[in-house]
file data_13.txt (compact mmCIF, C-alpha atoms and all ligand atoms)
# COMPACT_ATOMS: atom_id res chain seq x y z
CA MET A 23 124.12 98.34 89.79
CA VAL A 24 123.27 102.01 89.31
CA CYS A 25 122.46 101.29 85.70
CA VAL A 26 120.10 98.45 86.65
CA ALA A 27 118.32 100.53 89.29
CA ALA A 28 117.79 103.30 86.74
CA ARG A 29 116.30 100.82 84.32
CA VAL A 30 113.93 99.55 87.00
CA ARG A 31 112.74 103.08 87.74
CA THR A 32 112.27 103.69 84.04
CA ALA A 33 110.24 100.51 83.73
CA ARG A 34 107.98 101.49 86.61
CA LEU A 35 107.38 104.89 85.12
CA ARG A 36 106.09 103.35 81.93
CA VAL A 37 102.69 102.69 83.48
CA PRO A 38 100.21 105.21 82.02
CA ALA A 39 99.50 108.16 84.31
CA GLY A 40 96.11 108.75 85.87
CA TYR A 41 95.24 105.23 86.89
CA ARG A 42 94.30 103.84 90.27
CA PRO A 43 95.84 100.73 91.85
CA TYR A 44 94.14 97.34 91.93
CA SER A 45 92.74 96.84 95.43
CA ALA A 46 92.99 93.05 95.29
CA HIS A 47 96.66 93.63 94.64
CA ASP A 48 97.28 93.67 98.38
CA LYS A 49 97.17 89.90 98.39
CA HIS A 50 100.52 89.89 96.57
CA SER A 51 101.74 93.33 97.56
CA HIS A 52 105.43 94.27 97.61
CA GLY A 53 105.94 97.65 99.22
CA GLU A 54 105.81 100.57 96.83
CA GLN A 55 105.35 98.25 93.85
CA ALA A 56 101.91 97.33 95.22
CA HIS A 57 100.66 100.76 94.27
CA GLN A 58 101.48 100.72 90.59
CA PRO A 59 98.28 101.94 88.93
CA ILE A 60 96.64 100.50 85.85
CA ILE A 61 92.85 100.87 85.73
CA PRO A 62 91.37 104.27 84.77
CA GLU A 63 89.49 105.88 87.63
CA THR A 64 86.50 106.59 85.41
CA VAL A 65 85.87 103.03 84.26
CA VAL A 66 83.19 100.80 85.76
CA PRO A 67 83.18 97.03 85.22
CA ALA A 68 80.29 96.08 82.99
CA THR A 69 77.40 94.14 84.49
CA SER A 70 75.33 91.55 82.68
CA SER A 71 72.85 94.27 81.78
CA THR A 72 75.54 96.40 80.14
CA SER A 73 76.18 95.78 76.47
CA LEU A 74 79.77 96.26 75.39
CA PRO A 75 80.98 96.49 71.81
CA PRO A 76 82.70 93.30 70.62
CA LEU A 77 86.48 93.36 70.58
CA SER A 78 88.05 94.05 67.22
CA ALA A 79 89.92 91.28 65.41
CA GLU A 80 93.12 93.16 66.14
CA SER A 81 92.38 93.25 69.88
CA ARG A 82 91.48 89.56 69.95
CA ALA A 83 94.72 88.72 68.15
CA PHE A 84 96.67 90.82 70.66
CA LEU A 85 95.04 89.03 73.60
CA ALA A 86 95.74 85.62 72.08
CA ARG A 87 99.40 86.56 71.62
CA LEU A 88 99.54 87.95 75.15
CA ILE A 89 98.22 84.77 76.75
CA ARG A 90 100.39 82.53 74.56
CA VAL A 91 103.66 84.34 75.20
CA ASP A 92 102.99 84.96 78.88
CA GLN A 93 102.08 81.32 79.49
CA ALA A 94 105.32 80.26 77.77
CA GLY A 95 107.31 82.87 79.70
CA GLU A 96 105.92 81.94 83.08
CA LEU A 97 106.42 78.25 82.37
CA ALA A 98 110.05 79.09 81.57
CA ALA A 99 110.43 81.19 84.72
CA ASP A 100 109.00 78.33 86.80
CA LEU A 101 111.60 75.98 85.33
CA ILE A 102 114.52 78.42 85.63
CA TYR A 103 113.92 78.77 89.37
CA SER A 104 113.26 75.05 89.65
CA GLY A 105 116.68 74.38 88.11
CA GLN A 106 118.41 76.95 90.30
CA HIS A 107 116.72 75.58 93.39
CA ALA A 108 117.80 72.01 92.59
CA VAL A 109 121.47 73.10 92.55
CA LEU A 110 121.61 75.86 95.16
CA LYS A 111 119.76 73.97 97.88
CA ARG A 112 122.84 71.71 97.96
CA THR A 113 125.67 74.09 97.13
CA MET A 114 124.40 77.17 99.01
CA PRO A 115 121.62 76.22 101.47
CA SER A 116 121.61 79.72 102.98
CA ILE A 117 120.04 81.14 99.82
CA GLU A 118 117.54 78.33 99.33
CA PRO A 119 114.59 80.13 101.03
CA LEU A 120 115.08 83.17 98.77
CA ILE A 121 115.10 81.07 95.61
CA LYS A 122 112.11 79.09 96.86
CA HIS A 123 110.13 82.28 97.54
CA MET A 124 110.70 83.56 93.98
CA TRP A 125 110.03 80.11 92.55
CA GLU A 126 106.69 79.88 94.37
CA GLN A 127 105.63 83.21 92.88
CA GLU A 128 106.54 81.91 89.41
CA VAL A 129 104.52 78.74 90.04
CA HIS A 130 101.53 80.98 90.77
CA HIS A 131 102.15 83.05 87.62
CA HIS A 132 102.48 79.87 85.55
CA ALA A 133 99.27 78.35 86.96
CA THR A 134 97.39 81.59 86.30
CA PHE A 135 98.35 81.70 82.63
CA ASP A 136 97.73 77.96 82.25
CA HIS A 137 94.20 78.66 83.48
CA LEU A 138 93.74 81.64 81.13
CA GLN A 139 95.04 79.61 78.21
CA THR A 140 92.53 76.83 78.86
CA ARG A 141 89.64 79.22 79.61
CA HIS A 142 90.12 81.19 76.40
CA ARG A 143 91.21 78.19 74.29
CA ILE A 144 94.50 79.75 73.24
CA ARG A 145 96.91 77.29 71.70
CA PRO A 146 100.25 77.05 73.49
CA SER A 147 103.50 77.89 71.77
CA PHE A 148 104.50 75.10 69.38
CA LEU A 149 108.00 75.38 70.84
CA THR A 150 106.95 74.60 74.42
CA PRO A 151 109.29 71.56 74.66
CA LEU A 152 112.22 73.80 73.64
CA TRP A 153 111.29 76.46 76.20
CA LYS A 154 111.18 73.79 78.91
CA VAL A 155 114.61 72.36 78.13
CA ALA A 156 116.25 75.77 77.64
CA ALA A 157 114.77 77.23 80.83
CA TYR A 158 115.67 74.35 83.11
CA GLY A 159 119.15 74.22 81.55
CA LEU A 160 119.59 77.96 82.10
CA GLY A 161 118.58 77.59 85.73
CA VAL A 162 120.86 74.65 86.42
CA GLY A 163 123.74 76.10 84.42
CA THR A 164 123.79 79.51 86.04
CA ALA A 165 123.34 78.04 89.54
CA ALA A 166 126.26 75.69 88.88
CA MET A 167 128.39 78.78 88.13
CA GLY A 168 127.55 80.09 91.60
CA LYS A 169 125.10 82.28 93.46
CA GLU A 170 126.23 85.45 91.66
CA ALA A 171 125.65 83.94 88.22
CA ALA A 172 122.22 82.67 89.31
CA MET A 173 121.34 86.19 90.44
CA ALA A 174 122.75 87.69 87.23
CA CYS A 175 120.43 85.33 85.33
CA THR A 176 117.48 86.57 87.40
CA GLU A 177 118.50 90.18 86.83
CA ALA A 178 118.70 89.69 83.07
CA VAL A 179 115.46 87.71 82.75
CA GLU A 180 113.42 90.00 84.97
CA THR A 181 114.71 93.15 83.26
CA VAL A 182 113.39 91.86 79.94
CA ILE A 183 110.15 90.47 81.37
CA GLY A 184 109.41 93.61 83.39
CA ALA A 185 109.69 95.70 80.22
CA HIS A 186 107.65 93.12 78.29
CA TYR A 187 104.81 93.29 80.81
CA ASN A 188 104.91 97.08 80.75
CA ASN A 189 104.53 97.04 76.97
CA GLN A 190 101.48 94.80 77.32
CA LEU A 191 100.03 97.02 80.05
CA ARG A 192 100.22 100.07 77.81
CA THR A 193 98.20 98.28 75.13
CA LEU A 194 95.70 96.90 77.67
CA ALA A 195 95.22 100.36 79.19
CA GLY A 196 94.52 101.74 75.70
CA MET A 197 91.96 98.99 75.07
CA LEU A 198 90.21 99.69 78.39
CA GLU A 199 90.09 103.40 77.70
CA GLN A 200 88.67 102.79 74.25
CA GLU A 201 86.00 100.45 75.66
CA ALA A 202 85.11 102.94 78.37
CA THR A 203 84.81 105.72 75.81
CA VAL A 204 82.38 103.87 73.56
CA ALA A 205 80.42 102.16 76.37
CA GLY A 206 79.76 105.08 78.68
CA GLY A 207 82.53 104.32 81.14
CA HIS A 208 81.91 100.56 81.28
CA VAL A 209 84.58 97.96 80.56
CA SER A 210 84.70 94.20 80.32
CA PRO A 211 85.45 92.70 83.76
CA GLU A 212 87.47 90.01 81.99
CA LEU A 213 89.73 92.56 80.32
CA GLN A 214 90.02 94.57 83.50
CA LYS A 215 91.00 91.47 85.47
CA LEU A 216 93.62 90.55 82.86
CA ALA A 217 95.19 94.00 83.14
CA GLN A 218 95.23 93.66 86.91
CA THR A 219 96.88 90.26 86.66
CA VAL A 220 99.59 91.50 84.30
CA SER A 221 100.18 94.52 86.53
CA GLN A 222 100.54 92.34 89.62
CA PHE A 223 102.90 89.92 87.89
CA ARG A 224 104.98 92.83 86.54
CA ASP A 225 105.43 94.02 90.12
CA ASP A 226 106.49 90.52 91.21
CA GLU A 227 109.08 90.35 88.40
CA LEU A 228 110.51 93.73 89.37
CA GLU A 229 110.74 92.55 92.96
CA HIS A 230 112.76 89.57 91.71
CA LEU A 231 114.99 91.98 89.81
CA ASP A 232 115.57 94.02 92.97
CA THR A 233 116.35 90.82 94.89
CA ALA A 234 118.93 89.78 92.31
CA VAL A 235 120.65 93.17 92.36
CA GLN A 236 120.70 93.17 96.17
CA ASN A 237 122.21 89.67 96.19
CA ASP A 238 125.32 90.48 94.21
CA ALA A 239 124.26 89.75 90.64
CA ALA A 240 126.96 92.20 89.56
CA GLY A 241 129.56 89.89 91.15
CA ALA A 242 129.02 87.27 88.43
CA ARG A 243 131.92 86.69 86.06
CA PRO A 244 131.69 87.46 83.20
CA TYR A 245 128.79 89.69 84.28
CA TRP A 246 128.28 91.72 81.11
CA LEU A 247 128.57 88.77 78.74
CA LEU A 248 126.29 86.60 80.87
CA THR A 249 123.53 89.16 81.37
CA GLU A 250 123.54 90.50 77.83
CA THR A 251 123.48 86.98 76.37
CA ILE A 252 120.54 86.01 78.57
CA LYS A 253 118.69 89.24 77.79
CA GLY A 254 119.17 88.67 74.07
CA GLY A 255 117.92 85.10 74.42
CA CYS A 256 114.87 86.25 76.38
CA ARG A 257 113.96 88.94 73.86
CA ALA A 258 114.28 86.44 71.02
CA ALA A 259 112.18 83.88 72.91
CA VAL A 260 109.45 86.46 73.57
CA TRP A 261 109.33 87.43 69.90
CA VAL A 262 109.15 83.78 68.76
CA ALA A 263 106.66 82.61 71.43
CA GLU A 264 104.20 85.35 70.46
CA ARG A 265 104.14 83.97 66.95
CA VAL A 266 105.03 80.26 66.98
FE FE B 301 106.66 85.41 86.53
FE FE B 302 110.03 86.52 88.07
call {"tool": "encode", "arguments": {"input": "data_13.txt", "output": "structure tokens", "more": "lines below"}}
Ligand SMILES: [Fe+2]
Ligand SMILES: [Fe+2]
result
Amino acid sequence: MVCVAARVRTARLRVPAGYRPYSAHDKHSHGEQAHQPIIPETVVPATSSTSLPPLSAESRAFLARLIRVDQAGELAADLIYSGQHAVLKRTMPSIEPLIKHMWEQEVHHHATFDHLQTRHRIRPSFLTPLWKVAAYGLGVGTAAMGKEAAMACTEAVETVIGAHYNNQLRTLAGMLEQEATVAGGHVSPELQKLAQTVSQFRDDELEHLDTAVQNDAAGARPYWLLTETIKGGCRAAVWVAERV
């Protein structure tokens, strides 16, 4: 548990220094995590009268990968919690509200990236059917092993996804800074909003991680094998979904 908490703190510290929090974040705030900063204080969203330089091909490719992999990941998270909820509402009704709360947040994340995917015409991962089956199976399977295994699954998944979102935030912050530098402090509202969305979802995922640790994820047997296997699977899925 100490090890996990240390990793969470490390993940939160990965946000670039010198940024202010997203005010709209309060809608989905979670204590101290609501104040994770991301947008440079000096940047101003561009208006219609402000001309911004076009994004480079490299930046456009990054954003396409971001939306593709995050849509696939949030779809998978939605289905993991759906599978866990289907089992645990019968075998452990006392924990059903907790699972439902996390599931509802994942439904919101999933719907948001579905919208972004459609809006920006980003093709979904070709392996979407596989992600669906694997995610629902992971949710049902770990819940069938018991509450602790379900929480260990959440701990493993959210550890990987929290770090994944932090990696994306670093790149997005760099893109915003670059835009602001060449456009006199102005940035694309669309890019700024995307960074805010990723930042908010990162906070939600880390809240899920905290919830799992607090609800005896470490009591799963075999804890190490289960969590490391799931983490490895998640990292592999992220790598593949960005590309395929
Ligand atoms: Fe999520
Ligand atoms: Fe999550």
call {"tool": "residues_near_ligand", "arguments": {"input": "data_13.txt", "ligand": "ligand FE 301 (chain B)", "cutoff": "10 Å", "atoms": "only C-alpha atoms and all ligand atoms", "output": "JSON, numbers by chain"}}
result
{"A": [92, 93, 95, 96, 97, 98, 99, 100, 124, 125, 126, 127, 128, 129, 130, 131, 132, 135, 179, 180, 183, 184, 187, 220, 222, 223, 224, 225, 226, 227, 228, 230]}
call {"tool": "write_last_selection", "arguments": {"input": "data_13.txt", "atoms": "C-alpha atoms", "output": "mmCIF file, in the coordinates of the input"}}
result
data_model
loop_
_atom_site.group_PDB
_atom_site.id
_atom_site.type_symbol
_atom_site.label_atom_id
_atom_site.label_comp_id
_atom_site.auth_asym_id
_atom_site.auth_seq_id
_atom_site.Cartn_x
_atom_site.Cartn_y
_atom_site.Cartn_z
ATOM 1 C CA ASP A 92 102.990 84.960 78.880
ATOM 2 C CA GLN A 93 102.080 81.320 79.490
ATOM 3 C CA GLY A 95 107.310 82.870 79.700
ATOM 4 C CA GLU A 96 105.920 81.940 83.080
ATOM 5 C CA LEU A 97 106.420 78.250 82.370
ATOM 6 C CA ALA A 98 110.050 79.090 81.570
ATOM 7 C CA ALA A 99 110.430 81.190 84.720
ATOM 8 C CA ASP A 100 109.000 78.330 86.800
ATOM 9 C CA MET A 124 110.700 83.560 93.980
ATOM 10 C CA TRP A 125 110.030 80.110 92.550
ATOM 11 C CA GLU A 126 106.690 79.880 94.370
ATOM 12 C CA GLN A 127 105.630 83.210 92.880
ATOM 13 C CA GLU A 128 106.540 81.910 89.410
ATOM 14 C CA VAL A 129 104.520 78.740 90.040
ATOM 15 C CA HIS A 130 101.530 80.980 90.770
ATOM 16 C CA HIS A 131 102.150 83.050 87.620
ATOM 17 C CA HIS A 132 102.480 79.870 85.550
ATOM 18 C CA PHE A 135 98.350 81.700 82.630
ATOM 19 C CA VAL A 179 115.460 87.710 82.750
ATOM 20 C CA GLU A 180 113.420 90.000 84.970
ATOM 21 C CA ILE A 183 110.150 90.470 81.370
ATOM 22 C CA GLY A 184 109.410 93.610 83.390
ATOM 23 C CA TYR A 187 104.810 93.290 80.810
ATOM 24 C CA VAL A 220 99.590 91.500 84.300
ATOM 25 C CA GLN A 222 100.540 92.340 89.620
ATOM 26 C CA PHE A 223 102.900 89.920 87.890
ATOM 27 C CA ARG A 224 104.980 92.830 86.540
ATOM 28 C CA ASP A 225 105.430 94.020 90.120
ATOM 29 C CA ASP A 226 106.490 90.520 91.210
ATOM 30 C CA GLU A 227 109.080 90.350 88.400
ATOM 31 C CA LEU A 228 110.510 93.730 89.370
ATOM 32 C CA HIS A 230 112.760 89.570 91.710
#
call {"tool": "closest_residue", "arguments": {"input": "data_13.txt", "among": "A:Ala79, A:Leu213, A:Val109, A:Val262", "to": "Met167 of chain A", "atoms": "only C-alpha atoms"}}
result
A:Val109
call {"tool": "atom_distance", "arguments": {"input": "data_13.txt", "atom1": "atom CA of Ser221 of chain A", "atom2": "atom CA of Ala108 of chain A"}}
result
29.2 Å
call {"tool": "closest_residue", "arguments": {"input": "data_13.txt", "among": "A:Ala259, A:Ala240, A:Ile102, A:Leu88", "to": "ligand FE 302 (chain B)", "atoms": "all atoms listed in the file"}}
result
A:Ile102
call {"tool": "atom_distance", "arguments": {"input": "data_13.txt", "atom1": "atom CA of Thr181 of chain A", "atom2": "atom CA of Gln218 of chain A"}}
result
19.8 Å
call {"tool": "closest_residue", "arguments": {"input": "data_13.txt", "among": "A:Thr134, A:Thr233, A:Thr150, A:Gln214", "to": "ligand FE 302 (chain B)", "atoms": "all atoms listed in the file"}}
result
A:Thr233
call {"tool": "atom_distance", "arguments": {"input": "data_13.txt", "atom1": "atom CA of Gly159 of chain A", "atom2": "atom CA of Gln106 of chain A"}}
result
9.2 Å
call {"tool": "closest_residue", "arguments": {"input": "data_13.txt", "among": "A:Asp232, A:Thr219, A:Met197, A:Gln190", "to": "ligand FE 302 (chain B)", "atoms": "all atoms listed in the file"}}
result
A:Asp232
call {"tool": "residues_near_point", "arguments": {"input": "data_13.txt", "point": "(117.2, 90.5, 80.9)", "cutoff": "8 Å", "atoms": "all atoms listed in the file", "output": "ChimeraX atom specification"}}
result
/A:175-183,249-250,252-254,256-257
call {"tool": "closest_residue", "arguments": {"input": "data_13.txt", "among": "A:Glu229, A:Asn188, A:Gly241, A:Ala171", "to": "ligand FE 302 (chain B)", "atoms": "only C-alpha atoms and all ligand atoms"}}
result
A:Glu229
call {"tool": "residues_around", "arguments": {"input": "data_13.txt", "residues": "Phe148 of chain A", "least_positions_apart": "3", "cutoff": "9 Å", "atoms": "all atoms listed in the file", "output": "PDB file with C-alpha atoms, in the coordinates of the input"}}
result
ATOM      1  CA  ARG A 145      96.910  77.290  71.700  1.00  0.00           C
ATOM      2  CA  PRO A 151     109.290  71.560  74.660  1.00  0.00           C
ATOM      3  CA  LEU A 152     112.220  73.800  73.640  1.00  0.00           C
ATOM      4  CA  ALA A 263     106.660  82.610  71.430  1.00  0.00           C
ATOM      5  CA  VAL A 266     105.030  80.260  66.980  1.00  0.00           C
TER       6      VAL A 266
END
call {"tool": "closest_residue", "arguments": {"input": "data_13.txt", "among": "A:Ala217, A:Leu198, A:Ala165, A:Val209", "to": "Lys111 of chain A", "atoms": "only C-alpha atoms"}}
result
A:Ala165
call {"tool": "decode", "arguments": {"input": "data_13.txt", "residues": "segment 111-149 of chain A", "atoms": "N, CA and C atoms", "output": "mmCIF file, in the first residue's frame"}}
result
data_model
loop_
_atom_site.group_PDB
_atom_site.id
_atom_site.type_symbol
_atom_site.label_atom_id
_atom_site.label_comp_id
_atom_site.auth_asym_id
_atom_site.auth_seq_id
_atom_site.Cartn_x
_atom_site.Cartn_y
_atom_site.Cartn_z
ATOM 1 N N LYS A 111 -23.026 -6.526 -7.522
ATOM 2 C CA LYS A 111 -24.339 -6.079 -7.003
ATOM 3 C C LYS A 111 -25.105 -7.275 -6.418
ATOM 4 N N ARG A 112 -24.727 -8.495 -6.867
ATOM 5 C CA ARG A 112 -25.376 -9.692 -6.317
ATOM 6 C C ARG A 112 -24.559 -10.316 -5.195
ATOM 7 N N THR A 113 -23.247 -10.386 -5.381
ATOM 8 C CA THR A 113 -22.416 -11.078 -4.392
ATOM 9 C C THR A 113 -22.005 -10.190 -3.224
ATOM 10 N N MET A 114 -21.958 -8.887 -3.421
ATOM 11 C CA MET A 114 -21.553 -7.964 -2.348
ATOM 12 C C MET A 114 -22.305 -6.635 -2.517
ATOM 13 N N PRO A 115 -23.601 -6.645 -2.194
ATOM 14 C CA PRO A 115 -24.427 -5.438 -2.417
ATOM 15 C C PRO A 115 -23.900 -4.209 -1.676
ATOM 16 N N SER A 116 -23.189 -4.412 -0.578
ATOM 17 C CA SER A 116 -22.725 -3.259 0.205
ATOM 18 C C SER A 116 -21.744 -2.382 -0.590
ATOM 19 N N ILE A 117 -21.065 -2.973 -1.562
ATOM 20 C CA ILE A 117 -20.069 -2.203 -2.312
ATOM 21 C C ILE A 117 -20.630 -1.707 -3.651
ATOM 22 N N GLU A 118 -21.865 -2.070 -3.930
ATOM 23 C CA GLU A 118 -22.465 -1.684 -5.216
ATOM 24 C C GLU A 118 -22.472 -0.166 -5.457
ATOM 25 N N PRO A 119 -22.831 0.658 -4.469
ATOM 26 C CA PRO A 119 -22.842 2.118 -4.730
ATOM 27 C C PRO A 119 -21.460 2.658 -5.106
ATOM 28 N N LEU A 120 -20.417 2.105 -4.495
ATOM 29 C CA LEU A 120 -19.055 2.551 -4.799
ATOM 30 C C LEU A 120 -18.680 2.210 -6.238
ATOM 31 N N ILE A 121 -18.975 0.987 -6.634
ATOM 32 C CA ILE A 121 -18.678 0.572 -8.013
ATOM 33 C C ILE A 121 -19.500 1.413 -8.989
ATOM 34 N N LYS A 122 -20.758 1.644 -8.638
ATOM 35 C CA LYS A 122 -21.635 2.407 -9.531
ATOM 36 C C LYS A 122 -21.126 3.837 -9.698
ATOM 37 N N HIS A 123 -20.640 4.434 -8.611
ATOM 38 C CA HIS A 123 -20.111 5.801 -8.689
ATOM 39 C C HIS A 123 -18.926 5.865 -9.661
ATOM 40 N N MET A 124 -17.991 4.916 -9.538
ATOM 41 C CA MET A 124 -16.823 4.923 -10.434
ATOM 42 C C MET A 124 -17.262 4.622 -11.868
ATOM 43 N N TRP A 125 -18.202 3.704 -12.003
ATOM 44 C CA TRP A 125 -18.698 3.348 -13.333
ATOM 45 C C TRP A 125 -19.312 4.570 -14.017
ATOM 46 N N GLU A 126 -20.113 5.324 -13.268
ATOM 47 C CA GLU A 126 -20.760 6.503 -13.855
ATOM 48 C C GLU A 126 -19.729 7.528 -14.327
ATOM 49 N N GLN A 127 -18.636 7.661 -13.598
ATOM 50 C CA GLN A 127 -17.582 8.574 -14.056
ATOM 51 C C GLN A 127 -16.965 8.060 -15.352
ATOM 52 N N GLU A 128 -16.784 6.737 -15.444
ATOM 53 C CA GLU A 128 -16.216 6.172 -16.675
ATOM 54 C C GLU A 128 -17.170 6.325 -17.856
ATOM 55 N N VAL A 129 -18.471 6.229 -17.591
ATOM 56 C CA VAL A 129 -19.458 6.441 -18.658
ATOM 57 C C VAL A 129 -19.319 7.870 -19.205
ATOM 58 N N HIS A 130 -19.116 8.811 -18.298
ATOM 59 C CA HIS A 130 -18.919 10.212 -18.724
ATOM 60 C C HIS A 130 -17.623 10.352 -19.529
ATOM 61 N N HIS A 131 -16.545 9.733 -19.060
ATOM 62 C CA HIS A 131 -15.272 9.796 -19.793
ATOM 63 C C HIS A 131 -15.448 9.197 -21.199
ATOM 64 N N HIS A 132 -16.104 8.056 -21.248
ATOM 65 C CA HIS A 132 -16.312 7.350 -22.515
ATOM 66 C C HIS A 132 -17.123 8.222 -23.482
ATOM 67 N N ALA A 133 -18.209 8.805 -22.985
ATOM 68 C CA ALA A 133 -19.066 9.638 -23.842
ATOM 69 C C ALA A 133 -18.298 10.862 -24.348
ATOM 70 N N THR A 134 -17.446 11.408 -23.500
ATOM 71 C CA THR A 134 -16.667 12.588 -23.897
ATOM 72 C C THR A 134 -15.727 12.245 -25.054
ATOM 73 N N PHE A 135 -15.032 11.122 -24.941
ATOM 74 C CA PHE A 135 -14.095 10.773 -26.023
ATOM 75 C C PHE A 135 -14.823 10.254 -27.261
ATOM 76 N N ASP A 136 -16.002 9.666 -27.088
ATOM 77 C CA ASP A 136 -16.819 9.325 -28.259
ATOM 78 C C ASP A 136 -17.147 10.605 -29.037
ATOM 79 N N HIS A 137 -17.517 11.642 -28.287
ATOM 80 C CA HIS A 137 -17.866 12.921 -28.915
ATOM 81 C C HIS A 137 -16.649 13.522 -29.626
ATOM 82 N N LEU A 138 -15.501 13.510 -28.958
ATOM 83 C CA LEU A 138 -14.289 14.071 -29.569
ATOM 84 C C LEU A 138 -13.891 13.294 -30.820
ATOM 85 N N GLN A 139 -14.072 11.981 -30.757
ATOM 86 C CA GLN A 139 -13.714 11.144 -31.904
ATOM 87 C C GLN A 139 -14.585 11.491 -33.116
ATOM 88 N N THR A 140 -15.870 11.670 -32.875
ATOM 89 C CA THR A 140 -16.784 12.024 -33.965
ATOM 90 C C THR A 140 -16.498 13.439 -34.472
ATOM 91 N N ARG A 141 -16.327 14.364 -33.541
ATOM 92 C CA ARG A 141 -16.122 15.783 -33.893
ATOM 93 C C ARG A 141 -14.872 15.982 -34.750
ATOM 94 N N HIS A 142 -13.811 15.233 -34.397
ATOM 95 C CA HIS A 142 -12.549 15.424 -35.123
ATOM 96 C C HIS A 142 -12.310 14.328 -36.175
ATOM 97 N N ARG A 143 -13.308 13.491 -36.374
ATOM 98 C CA ARG A 143 -13.253 12.435 -37.399
ATOM 99 C C ARG A 143 -12.010 11.561 -37.244
ATOM 100 N N ILE A 144 -11.796 11.094 -36.033
ATOM 101 C CA ILE A 144 -10.670 10.194 -35.762
ATOM 102 C C ILE A 144 -11.182 8.761 -35.835
ATOM 103 N N ARG A 145 -10.522 7.938 -36.601
ATOM 104 C CA ARG A 145 -11.010 6.555 -36.692
ATOM 105 C C ARG A 145 -10.787 5.848 -35.353
ATOM 106 N N PRO A 146 -11.724 4.987 -34.971
ATOM 107 C CA PRO A 146 -11.520 4.227 -33.734
ATOM 108 C C PRO A 146 -10.458 3.159 -33.932
ATOM 109 N N SER A 147 -10.009 2.598 -32.831
ATOM 110 C CA SER A 147 -9.069 1.483 -32.915
ATOM 111 C C SER A 147 -9.722 0.335 -33.690
ATOM 112 N N PHE A 148 -8.945 -0.273 -34.595
ATOM 113 C CA PHE A 148 -9.467 -1.414 -35.348
ATOM 114 C C PHE A 148 -9.779 -2.590 -34.418
ATOM 115 N N LEU A 149 -9.173 -2.587 -33.246
ATOM 116 C CA LEU A 149 -9.342 -3.712 -32.317
ATOM 117 C C LEU A 149 -10.433 -3.449 -31.271
#
